[in-house]
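Below you'll find the structure, written out as structure tokens, and then a few comments.
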Amino acid sequence: MNKSIEIAKKEYPTGEIKSTKMVVYDYPEIGAMTVVEDKTIGVEHRIFVDAYTLDAVPDRPATKTHFGVWSIYEKISKNKIDENLKKWQSSDELTKSIEQAANNNGININLPVSKEDIKKLSSGTAIVATTIEKDLGTPTVYLQRKTYYCQPASAQMLTKYYRDTKPSQDSIYSMMDGIAPNGVSNEKALIYYRASNGLNKPNSYNSSDVTFNKAVTEINNYRPFMSGTSTHARVCRGYKQVDSAQYLRICDPYPTSLGMAYWEALGSENDRIYVGS
């Protein structure tokens with residue numbers, strides 16, 4: 001977000017920066033938006049910078065045929081925001097308690113922890129987190145070839161996992177009845193999942209059950225699945241729980257992931273496609 005602020009200050013040196021936040025400016029592309037007010041004429045301007053390339057992006061207001069720009073945070077329900085904040089606070093409190101215990105035992109947390117340090121922390125003065133974790137380690141992340149190819153890219157990852165083949169994203173998009181330049185709904189994606197010449201998993205289904213327990217069941221049975229947000233499709237291949245904080249191991253096809261799986265706090269999903277037999 002610093003880049004958008006930098007550009008705003010350069011283009012409007014006498015302006016006042018009102019806000020900076022993450023937005024989806026052209027689904028599924030994300031970036032930072034800085035709002036700056038030109039004090040000379042009292043007009044507000046919006047500066048956009050792509051999160052992946054850090055290039056400036058022209059503003060494009062919403063029209064009848066285009067959604068325009070919207071904030072990522074505005075798409076998260078109030079309940080999910082509160083839930084995520086509680087998880088963050090719980091994790092932060094745990095971290096602080098461990099740091100305090102280390103300080104009480106004369107341990108420098110900026111240096112590698114020795115066996116003796118671990119013994120000190122295990123003496124009862126420290127709070128030790130309970131962790132449950134399972135990461136299948138595969139599928140690997142395949143980046144989407146086009147901005148609207150998140151469903152085909154996710155299906156491509158799952159096809160590699162379940163069938164050990166790698167059809168092109170173009171062919172998957174075609175089987176999903178995709179119409180460029182639009183994304184693909186879960187219902188259309190299931191055409192490919194169920195087809196004998198597709199993923200060949202006829203009992204695959206779309207579900208709004210995005211609970212942690214359901215994810216645990218699927219991963220424990222070695223069934224990675226499509227993890228969907230309100231605007232994007234990814235793959236989940238693992239889970240982790242640290243005390244009360246719960247996470248999913250996400251394989252995100254969008255380029256900002258740099259082809260690396262990452263841990264994401266539970267709460268961002270809207271739906272999933274579970275891969276049946």
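A note on labels: chains of the structure tokens are A, B, ... as shown, every chain counts residues from 1, and ligands are counted from 1 in their shown order.
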*asked:* Could you list, as a PyMOL selection string, every residue within 10 Å of region 246-251 of chain A, counting only C-alpha atoms and ignoring same-chain residues fewer than 6 positions away?
replied: chain A and resi 84+87+131-143+154+157+212+215-216+224-227+233-240+257+259-267
How would the residues just picked look written out with C-alpha atoms as a CSV table (one decimal), in the first residue's frame?
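Contents of the output file again-v2.csv:
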```csv
chain,number,residue,atom,x,y,z
A,84,ASN,CA,-11.2,-13.2,12.7
A,87,LYS,CA,-8.7,-15.3,16.5
A,131,THR,CA,-1.1,-27.6,17.6
A,132,ILE,CA,-2.9,-30.1,15.3
A,133,GLU,CA,-1.8,-30.0,11.7
A,134,LYS,CA,-2.1,-31.9,8.5
A,135,ASP,CA,-0.8,-30.8,5.1
A,136,LEU,CA,-1.1,-33.2,2.2
A,137,GLY,CA,1.8,-31.5,0.6
A,138,THR,CA,0.1,-31.7,-2.8
A,139,PRO,CA,-1.3,-30.5,-5.2
A,140,THR,CA,1.3,-27.9,-6.0
A,141,VAL,CA,0.1,-24.5,-7.0
A,142,TYR,CA,-0.6,-23.8,-10.7
A,143,LEU,CA,-1.1,-20.2,-11.5
A,154,SER,CA,-8.1,-24.9,-9.3
A,157,MET,CA,-4.5,-28.7,-9.6
A,212,PHE,CA,-13.2,-26.5,10.1
A,215,ALA,CA,-12.2,-29.6,6.2
A,216,VAL,CA,-10.5,-31.9,8.7
A,224,PRO,CA,-8.3,-31.8,-1.2
A,225,PHE,CA,-11.2,-29.6,-2.4
A,226,MET,CA,-12.0,-26.3,-4.1
A,227,SER,CA,-12.2,-23.5,-1.5
A,233,ALA,CA,-11.6,-20.2,-6.4
A,234,ARG,CA,-8.6,-21.9,-4.8
A,235,VAL,CA,-7.7,-25.3,-3.5
A,236,CYS,CA,-7.4,-26.4,0.1
A,237,ARG,CA,-4.9,-29.2,0.9
A,238,GLY,CA,-4.5,-29.0,4.6
A,239,TYR,CA,-5.6,-27.7,8.0
A,240,LYS,CA,-4.0,-26.5,11.2
A,257,SER,CA,0.7,-16.2,-4.3
A,259,GLY,CA,3.1,-20.3,-6.7
A,260,MET,CA,3.4,-21.0,-3.0
A,261,ALA,CA,0.8,-22.5,-0.7
A,262,TYR,CA,0.0,-20.5,2.5
A,263,TRP,CA,-1.9,-20.7,5.7
A,264,GLU,CA,-5.1,-18.7,5.9
A,265,ALA,CA,-7.2,-18.1,9.0
A,266,LEU,CA,-10.6,-19.8,8.7
A,267,GLY,CA,-13.4,-17.4,7.8
```
Distance query Thr20 (chain A) at most 7 Å, only C-alpha atoms, self and fewer than 2 positions along chain excluded, as a PDB file with C-alpha atoms, in the first residue's frame:
```pdb
ATOM      1  CA  MET A   1       0.000   0.000   0.000  1.00  0.00           C
ATOM      2  CA  ALA A  32      -4.146  -0.762  -3.028  1.00  0.00           C
ATOM      3  CA  MET A  33      -6.405   2.267  -3.352  1.00  0.00           C
ATOM      4  CA  THR A  34      -5.428   5.617  -1.869  1.00  0.00           C
ATOM      5  CA  VAL A  35      -8.001   8.411  -1.720  1.00  0.00           C
TER       6      VAL A  35
END
```
*Which one of A:Ser196, A:Gln241, A:Asn270, A:Gln144 sits closest to Asp209 (chain A) if you count only C-alpha atoms?*
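Of A:Ser196, A:Gln241, A:Asn270, A:Gln144, the one nearest Asp209 (chain A) is A:Asn270, counting only C-alpha atoms.
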*Find the residues around Asp59 (chain A) up to 8 Å (only C-alpha atoms counted), leave out those fewer than 5 positions away in its own chain, and share them as a PyMOL selection string.*
chain A and resi 46-48
Residues from last step as file, N, CA and C atoms, as a PDB file, in the first residue's frame:
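Okay, this is what ended up in selection26.pdb:
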```pdb
ATOM      1  N   ARG A  46      -8.760   9.016  -6.708  1.00  0.00           N
ATOM      2  CA  ARG A  46      -8.403   7.665  -6.273  1.00  0.00           C
ATOM      3  C   ARG A  46      -7.179   7.187  -7.057  1.00  0.00           C
ATOM      4  N   ILE A  47      -6.194   6.699  -6.321  1.00  0.00           N
ATOM      5  CA  ILE A  47      -4.968   6.176  -6.920  1.00  0.00           C
ATOM      6  C   ILE A  47      -4.920   4.671  -6.679  1.00  0.00           C
ATOM      7  N   PHE A  48      -4.722   3.900  -7.760  1.00  0.00           N
ATOM      8  CA  PHE A  48      -4.678   2.445  -7.637  1.00  0.00           C
ATOM      9  C   PHE A  48      -3.305   1.909  -8.034  1.00  0.00           C
TER      10      PHE A  48
END
```
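Residues in contact range of Asp38 (chain A), defined as at most 8 Å between only C-alpha atoms, with sequence neighbours fewer than 4 positions away removed, read Tyr12, Thr14, Gly15, Glu16, Gly42, Val43, Glu44 and His45 of chain A.
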_Using only C-alpha atoms: which of A:Gln151, A:Asn103, A:Ser168, A:Ser207 has the shortest distance to Asp117 (chain A)_ = A:Asn103
_I need the residues of region 94-152 of chain A that end up classed as helix (DSSP H, G or I) by DSSP on the backbone, written out as an MDAnalysis selection string._
chainID A and resid 94:104 115:121 150:152
*Between A:Cys150, A:Lys188, A:Asn221, A:Ser208, which has the minimum distance to Asp252 (chain A) (counting only C-alpha atoms)?*
A:Cys150
*Shortest interatomic distance to Leu199 (chain A) - which of A:Ser277, A:Thr211, A:Ser230, A:Thr130, counting only C-alpha atoms*: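 Nearest to Leu199 (chain A): A:Ser277.
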*Interatomic distance, CA of Gly276 (chain A) to CA of Pro202 (chain A) (Å, one decimal)*: 6.7 Å
